[in-house]
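Contents: one structure, followed by commentary.
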Amino acid sequence: MNAIIEVKDLVKQYGELNAVDGISFTINKGQCFGLLGPNGAGKTTTIEIMEGIIKPSSGEVLYGGKPAGSDIAQQIGIQFQHTALQDFLTVKETLNLFTSFYQHTVSHQRLIELCDLKDFLDRDNRLLSGGQRQRLLLALALINDPDIVFLDEPTTGLDPQARRNFWQLIENIKTQGKTVILTTHYMDEAEQLCDDVVIMDKGQVIERGTPQTLLNRHFKEIFIYLPAAHVSQSTIDENGWQLEGERVAITSSNVEATLAALIAKQVSLEGLQVKSANLDDLFLKLTGHSLRE
Ligand SMILES: Nc1ncnc2c1ncn2[C@@H]1O[C@H](COP(=O)(O)OP(=O)(O)OP(=O)(O)O)[C@@H](O)[C@H]1O
């Protein structure tokens with residue numbers, strides 16, 4: 001795979017603080033790349049350096065092997081979390097306005113299809129639902145037909161259905177060969193969409209890989225949960241299981257053997273749940289806190 005972006009030894013200092021503390025990674029063309037980390041990890045600073053919005057204290061970002069020039073804004077698309085849309089303009093008029101900012105633009109018809117805008121083209125920006133607004137912001141990020149699209153927490157605040165609809169749009173963008181760089185606080189989103197993730201903490205890269213590789217690397221076990229009412233305290237203590245509120249959590253590296261042991265002890269399996277580790281669990285393990293804290 002060929003690297004479209006190389007981040008090399010990036011450092012950003014604010015006074016005594018190294019907000020970004022010597023990070024390096026590459027992003028391959030056509031991938032969805034996720035930059036994850038708890039609050040204050042340095043994600044926004046890293047992304048803003050990559051977008052050419054702020055300058056690093058040292059290190060560099062290469063696009064296609066070359067340092068980003070002043071024309072970078074023409075080549076990338078950015079969906080900011082808090083873009084202010086002009087009041088009293090309709091969606092169609094907003095597309096026209098943003099088209100005038102770029103030398104090269106994609107046809108509106110294509111954007112309308114790609115971002116599913118057709119049902120609210122004549123609606124005032126102020127009347128859009130959260131999901132419609134995000135779809136318009138995505139269309140604006142794609143207006144210059146960029147090879148690389150930055151999406152900053154694009155589904156924050158959307159209901160589950162709108163989030164899933166938005167995921168489909170991101171998949172559509174990927175099938176066009178574009179590279180997507182995503183920051184998100186939702187681990188299910190990263191697991192669903194990202195081919196590759198970098199996890200940052202305290203300005204440094206602490207893990208890197210596909211979501212599945214990272215999970216396989218860090219978790220050999222499966223989690224089994226049972227209603228606490230089914231299991232005696234002595235059985236919990238004997239086996240070193242954990243009581244978590246109303247349920248007992250059993251960490252097992254051999255589900256069959258664990259279930260056989262429960263049956264042998266005549267523990268009722270009604271209400272039993274089995275769960276594989278997910279990126280939320282990984283996050284907790286690596287950083288000591290959950291992503292949404
Ligand atoms: N302009 C600035 N001046 C001083 N400190 C800053 C500045 N911008 C960011 N920082 C600090 O740098 C560190 C990294 O911030 P950054 O916004 O990159 O983190 P983040 O991972 O994006 O966090 P969040 O998920 O909360 O947005 C934080 O400690 C933040 O307070």
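In the structure tokens, chains take letters A, B, ... by order of appearance, with residues numbered from 1 within each chain and ligands from 1 in the order shown.
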So which residues touch Trp241 (chain A) within 8 Å, counting only C-alpha atoms, skipping near sequence neighbours fewer than 4 positions away, as a PDB file with N, CA and C atoms, in the first residue's frame?
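Below is the file that was written, around_21.pdb:
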```
ATOM      1  N   ILE A 236     -18.533 -16.945  43.677  1.00  0.00           N
ATOM      2  CA  ILE A 236     -17.859 -15.767  43.083  1.00  0.00           C
ATOM      3  C   ILE A 236     -16.450 -15.655  43.661  1.00  0.00           C
ATOM      4  N   ASP A 237     -16.333 -15.754  44.980  1.00  0.00           N
ATOM      5  CA  ASP A 237     -15.030 -15.593  45.643  1.00  0.00           C
ATOM      6  C   ASP A 237     -14.068 -16.708  45.253  1.00  0.00           C
ATOM      7  N   VAL A 248     -22.616 -10.744  37.558  1.00  0.00           N
ATOM      8  CA  VAL A 248     -21.284 -11.288  37.837  1.00  0.00           C
ATOM      9  C   VAL A 248     -20.519 -11.313  36.514  1.00  0.00           C
ATOM     10  N   ALA A 249     -19.307 -10.781  36.526  1.00  0.00           N
ATOM     11  CA  ALA A 249     -18.483 -10.760  35.313  1.00  0.00           C
ATOM     12  C   ALA A 249     -17.409 -11.833  35.420  1.00  0.00           C
ATOM     13  N   ILE A 250     -17.392 -12.701  34.411  1.00  0.00           N
ATOM     14  CA  ILE A 250     -16.427 -13.795  34.387  1.00  0.00           C
ATOM     15  C   ILE A 250     -15.524 -13.589  33.170  1.00  0.00           C
ATOM     16  N   THR A 251     -14.226 -13.528  33.389  1.00  0.00           N
ATOM     17  CA  THR A 251     -13.298 -13.402  32.272  1.00  0.00           C
ATOM     18  C   THR A 251     -12.825 -14.805  31.925  1.00  0.00           C
TER      19      THR A 251
END
```
Near ligand 1, 9 Å: chain A residue rows, closest pairs, only C-alpha atoms and all ligand atoms, as CSV:
```
residue,atom,partner,partner_atom_place_in_ligand_line,distance
A:Lys12,CA,ligand 1,12 (O),8.4
A:Gln13,CA,ligand 1,5 (N),8.1
A:Tyr14,CA,ligand 1,4 (C),5.0
A:Gly15,CA,ligand 1,4 (C),7.4
A:Leu17,CA,ligand 1,12 (O),7.0
A:Asn18,CA,ligand 1,12 (O),7.2
A:Ala19,CA,ligand 1,12 (O),4.1
A:Val20,CA,ligand 1,14 (C),7.0
A:Leu36,CA,ligand 1,21 (O),7.8
A:Gly37,CA,ligand 1,21 (O),5.8
A:Pro38,CA,ligand 1,25 (O),5.6
A:Asn39,CA,ligand 1,26 (O),3.4
A:Gly40,CA,ligand 1,19 (O),3.4
A:Ala41,CA,ligand 1,21 (O),3.6
A:Gly42,CA,ligand 1,18 (O),3.2
A:Lys43,CA,ligand 1,21 (O),3.8
A:Thr44,CA,ligand 1,22 (O),3.6
A:Thr45,CA,ligand 1,18 (O),3.7
A:Thr46,CA,ligand 1,18 (O),6.4
A:Ile47,CA,ligand 1,18 (O),8.1
A:Glu48,CA,ligand 1,18 (O),8.4
A:Thr183,CA,ligand 1,25 (O),8.7
A:Thr184,CA,ligand 1,25 (O),8.5
A:His185,CA,ligand 1,25 (O),7.6
A:Met200,CA,ligand 1,21 (O),7.6
A:Asp201,CA,ligand 1,21 (O),7.7
A:Lys202,CA,ligand 1,14 (C),7.6
A:Gly203,CA,ligand 1,14 (C),6.9
A:Leu291,CA,ligand 1,25 (O),8.6
A:Arg292,CA,ligand 1,25 (O),8.9
```
Can those selected residues be exported to a file as an mmCIF file, in the first residue's frame so that it contains N, CA and C atoms?
```cif
data_model
loop_
_atom_site.group_PDB
_atom_site.id
_atom_site.type_symbol
_atom_site.label_atom_id
_atom_site.label_comp_id
_atom_site.auth_asym_id
_atom_site.auth_seq_id
_atom_site.Cartn_x
_atom_site.Cartn_y
_atom_site.Cartn_z
ATOM 1 N N LYS A 12 4.570 19.535 19.136
ATOM 2 C CA LYS A 12 3.978 20.857 19.307
ATOM 3 C C LYS A 12 4.033 21.216 20.781
ATOM 4 N N GLN A 13 4.771 22.288 21.060
ATOM 5 C CA GLN A 13 4.907 22.722 22.454
ATOM 6 C C GLN A 13 4.065 23.967 22.685
ATOM 7 N N TYR A 14 3.375 23.969 23.825
ATOM 8 C CA TYR A 14 2.719 25.180 24.301
ATOM 9 C C TYR A 14 3.374 25.484 25.640
ATOM 10 N N GLY A 15 4.340 26.406 25.677
ATOM 11 C CA GLY A 15 5.084 26.658 26.908
ATOM 12 C C GLY A 15 5.805 25.390 27.327
ATOM 13 N N LEU A 17 4.321 22.598 28.027
ATOM 14 C CA LEU A 17 3.543 21.405 27.659
ATOM 15 C C LEU A 17 3.872 20.917 26.247
ATOM 16 N N ASN A 18 4.193 19.616 26.137
ATOM 17 C CA ASN A 18 4.308 19.011 24.814
ATOM 18 C C ASN A 18 2.949 18.430 24.455
ATOM 19 N N ALA A 19 2.111 19.225 23.792
ATOM 20 C CA ALA A 19 0.766 18.766 23.433
ATOM 21 C C ALA A 19 0.874 17.597 22.465
ATOM 22 N N VAL A 20 1.861 17.663 21.563
ATOM 23 C CA VAL A 20 2.207 16.541 20.686
ATOM 24 C C VAL A 20 3.691 16.293 20.901
ATOM 25 N N LEU A 36 -7.551 8.251 17.645
ATOM 26 C CA LEU A 36 -8.348 8.115 18.865
ATOM 27 C C LEU A 36 -7.510 8.499 20.075
ATOM 28 N N GLY A 37 -8.182 8.932 21.110
ATOM 29 C CA GLY A 37 -7.463 9.254 22.339
ATOM 30 C C GLY A 37 -8.388 9.962 23.296
ATOM 31 N N PRO A 38 -8.072 9.918 24.588
ATOM 32 C CA PRO A 38 -8.919 10.611 25.574
ATOM 33 C C PRO A 38 -8.787 12.126 25.435
ATOM 34 N N ASN A 39 -9.616 12.858 26.152
ATOM 35 C CA ASN A 39 -9.545 14.326 26.100
ATOM 36 C C ASN A 39 -8.135 14.794 26.437
ATOM 37 N N GLY A 40 -7.654 15.740 25.645
ATOM 38 C CA GLY A 40 -6.336 16.326 25.911
ATOM 39 C C GLY A 40 -5.179 15.490 25.409
ATOM 40 N N ALA A 41 -5.465 14.407 24.657
ATOM 41 C CA ALA A 41 -4.395 13.509 24.190
ATOM 42 C C ALA A 41 -3.498 14.166 23.144
ATOM 43 N N GLY A 42 -4.052 15.155 22.431
ATOM 44 C CA GLY A 42 -3.275 15.817 21.381
ATOM 45 C C GLY A 42 -3.812 15.559 19.980
ATOM 46 N N LYS A 43 -5.017 14.997 19.896
ATOM 47 C CA LYS A 43 -5.587 14.652 18.583
ATOM 48 C C LYS A 43 -5.853 15.900 17.729
ATOM 49 N N THR A 44 -6.565 16.869 18.320
ATOM 50 C CA THR A 44 -6.924 18.065 17.543
ATOM 51 C C THR A 44 -5.665 18.785 17.091
ATOM 52 N N THR A 45 -4.686 18.888 17.987
ATOM 53 C CA THR A 45 -3.434 19.568 17.631
ATOM 54 C C THR A 45 -2.775 18.854 16.455
ATOM 55 N N THR A 46 -2.732 17.523 16.516
ATOM 56 C CA THR A 46 -2.120 16.739 15.427
ATOM 57 C C THR A 46 -2.867 16.965 14.117
ATOM 58 N N ILE A 47 -4.199 16.861 14.185
ATOM 59 C CA ILE A 47 -5.015 17.012 12.974
ATOM 60 C C ILE A 47 -4.857 18.425 12.402
ATOM 61 N N GLU A 48 -4.836 19.420 13.282
ATOM 62 C CA GLU A 48 -4.730 20.800 12.777
ATOM 63 C C GLU A 48 -3.370 21.061 12.144
ATOM 64 N N THR A 183 -11.693 11.500 13.457
ATOM 65 C CA THR A 183 -11.543 11.494 14.910
ATOM 66 C C THR A 183 -12.935 11.241 15.474
ATOM 67 N N THR A 184 -12.992 10.425 16.493
ATOM 68 C CA THR A 184 -14.297 10.099 17.068
ATOM 69 C C THR A 184 -14.134 9.699 18.524
ATOM 70 N N HIS A 185 -15.207 9.945 19.281
ATOM 71 C CA HIS A 185 -15.237 9.456 20.657
ATOM 72 C C HIS A 185 -16.007 8.146 20.739
ATOM 73 N N MET A 200 -3.696 7.739 20.748
ATOM 74 C CA MET A 200 -2.758 8.692 21.377
ATOM 75 C C MET A 200 -3.113 8.875 22.841
ATOM 76 N N ASP A 201 -2.109 9.143 23.638
ATOM 77 C CA ASP A 201 -2.337 9.564 25.017
ATOM 78 C C ASP A 201 -1.156 10.443 25.415
ATOM 79 N N LYS A 202 -1.440 11.534 26.081
ATOM 80 C CA LYS A 202 -0.403 12.469 26.556
ATOM 81 C C LYS A 202 0.585 12.831 25.448
ATOM 82 N N GLY A 203 0.053 13.093 24.269
ATOM 83 C CA GLY A 203 0.889 13.580 23.163
ATOM 84 C C GLY A 203 1.657 12.512 22.419
ATOM 85 N N LEU A 291 -12.985 6.425 27.006
ATOM 86 C CA LEU A 291 -12.840 7.505 26.027
ATOM 87 C C LEU A 291 -13.786 8.657 26.287
ATOM 88 N N ARG A 292 -14.937 8.363 26.890
ATOM 89 C CA ARG A 292 -15.939 9.421 27.044
ATOM 90 C C ARG A 292 -15.823 10.161 28.370
#
```
| message | Rounded to one decimal, what separation in Å do you get between CA of Asp145 (chain A) and CA of Val61 (chain A)? | response |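 Between CA of Asp145 (chain A) and CA of Val61 (chain A) the gap works out to 21.2 Å.
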| Separation of CA of Ala190 (chain A) from CA of Pro154 (chain A), in Å and rounded to one decimal |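 Computed distance, CA of Ala190 (chain A) to CA of Pro154 (chain A), equals 11.7 Å.
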| field | Sel. of strand (DSSP E or B) residues, region 101-211 of chain A, as a list in words | value |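 Everything in region 101-211 of chain A that counts as strand (DSSP E or B) is Asp124, Ile148, Val149, Phe150, Leu151, Asp152, Thr179, Val180, Ile181, Leu182, Thr183, Asp196, Val197, Val198, Ile199, Met200, Asp201, Gln204, Val205, Ile206, Glu207, Arg208 and Gly209 of chain A.
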| request: Would you please extract all alpha helix (DSSP H) residues from region 39-202 of chain A, as assigned by DSSP on the backbone, and give them as number ranges by chain? | output: A: 43-50, 72-75, 91-99, 108-115, 130-142, 160-175, 187-193
| field | Length of the CA of Phe80 (chain A) to CA of Glu16 (chain A) vector [Å] | value | 28.1 Å
| remark: Nearest to Ala277 (chain A), restricted to only C-alpha atoms and choosing among A:Glu256, A:Glu189, A:Asp195, A:Glu221, comes out as A:Glu221
| Of the residues A:Arg126, A:Lys55, A:Lys285, A:His108, which is the one nearest to Asn144 (chain A), using only C-alpha atoms? |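 Nearest candidate to Asn144 (chain A) out of A:Arg126, A:Lys55, A:Lys285, A:His108: A:His108.
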| Using only C-alpha atoms, which of the listed residues (A:Lys178, A:Lys275, A:His82, A:Arg163) sits closest to Ile148 (chain A)? |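 Selected residue with least distance to Ile148 (chain A): A:Lys178.
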| field | Distance query Gln132 (chain A) at most 9 Å, only C-alpha atoms, self and fewer than 2 positions along chain excluded, as a list in words | value |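 Contacts, in chain order: Asp116, Leu117, Phe120, Leu128, Ser129, Gly130, Gln134, Arg135, Leu136, Leu137 and Ala162 of chain A.
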| task | Do a neighbour search on Cys115 (chain A) at 12 Å with only C-alpha atoms, toss out local chain neighbours closer than 4 positions, and write the hits as a list in words. | result |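 What passes the distance filter is His108, Gln109, Arg110, Leu111, Asp119, Phe120, Leu121, Gly131, Gln132, Arg133, Gln134, Arg135, Leu136, Leu137, Leu138, Ala139, Leu140, Ala141, Leu142, Ile143, Asn165, Phe166, Trp167, Gln168, Leu169, Ile170, Glu171, Asn172 and Ile173 of chain A.
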Please provide as an mmCIF file with C-alpha atoms, in the first residue's frame all residues within 9 Å of Ser268 (chain A), with the sequence filter that same-chain residues fewer than 5 positions apart are discarded (counting only C-alpha atoms).
```cif
data_model
loop_
_atom_site.group_PDB
_atom_site.id
_atom_site.type_symbol
_atom_site.label_atom_id
_atom_site.label_comp_id
_atom_site.auth_asym_id
_atom_site.auth_seq_id
_atom_site.Cartn_x
_atom_site.Cartn_y
_atom_site.Cartn_z
ATOM 1 C CA LEU A 226 -24.611 -13.710 34.585
ATOM 2 C CA HIS A 230 -27.935 -16.926 40.102
ATOM 3 C CA VAL A 231 -24.496 -17.168 41.711
ATOM 4 C CA LEU A 262 -21.130 -23.330 35.555
ATOM 5 C CA ILE A 263 -23.471 -26.163 34.533
#
```
Can you list, as a compact mmCIF listing (two decimals) with C-alpha atoms, in the first residue's frame, every protein, DNA or RNA residue that comes within 12 Å of Pro211 (chain A) when you count only C-alpha atoms, leaving out same-chain residues fewer than 3 positions away?
```txt
# COMPACT_ATOMS: atom_id res chain seq x y z
CA CYS A 32 -10.28 5.14 6.70
CA PHE A 33 -7.77 6.12 9.37
CA GLY A 34 -8.92 6.78 12.94
CA LEU A 35 -7.09 9.00 15.41
CA LEU A 36 -8.35 8.11 18.87
CA MET A 187 -15.49 3.24 19.65
CA ASP A 188 -18.19 1.35 17.77
CA GLU A 189 -17.79 3.91 15.00
CA ALA A 190 -14.02 3.40 14.86
CA GLU A 191 -14.47 -0.37 14.91
CA GLN A 192 -17.04 -0.23 12.13
CA LEU A 193 -15.31 2.24 9.81
CA CYS A 194 -11.57 2.35 10.42
CA ASP A 195 -9.08 0.16 8.57
CA ASP A 196 -6.32 1.46 10.76
CA VAL A 197 -6.23 3.35 14.05
CA VAL A 198 -3.66 5.24 16.07
CA ILE A 199 -4.36 5.64 19.77
CA GLU A 207 -0.93 1.85 19.91
CA ARG A 208 -1.30 1.41 16.18
CA LEU A 214 -5.20 -4.49 18.46
CA LEU A 215 -7.99 -6.46 20.10
CA ASN A 216 -6.28 -9.78 19.35
CA ARG A 217 -3.00 -8.41 20.70
CA HIS A 218 -4.45 -7.25 24.00
CA PHE A 219 -7.32 -9.62 24.74
CA ALA A 277 -13.56 -7.20 24.08
CA ASN A 278 -14.14 -4.05 22.04
CA LEU A 279 -12.15 -0.87 21.53
CA ASP A 280 -13.77 0.65 24.63
CA ASP A 281 -12.26 -2.18 26.72
CA LEU A 282 -8.92 -1.69 24.99
CA PHE A 283 -9.01 2.00 25.72
```
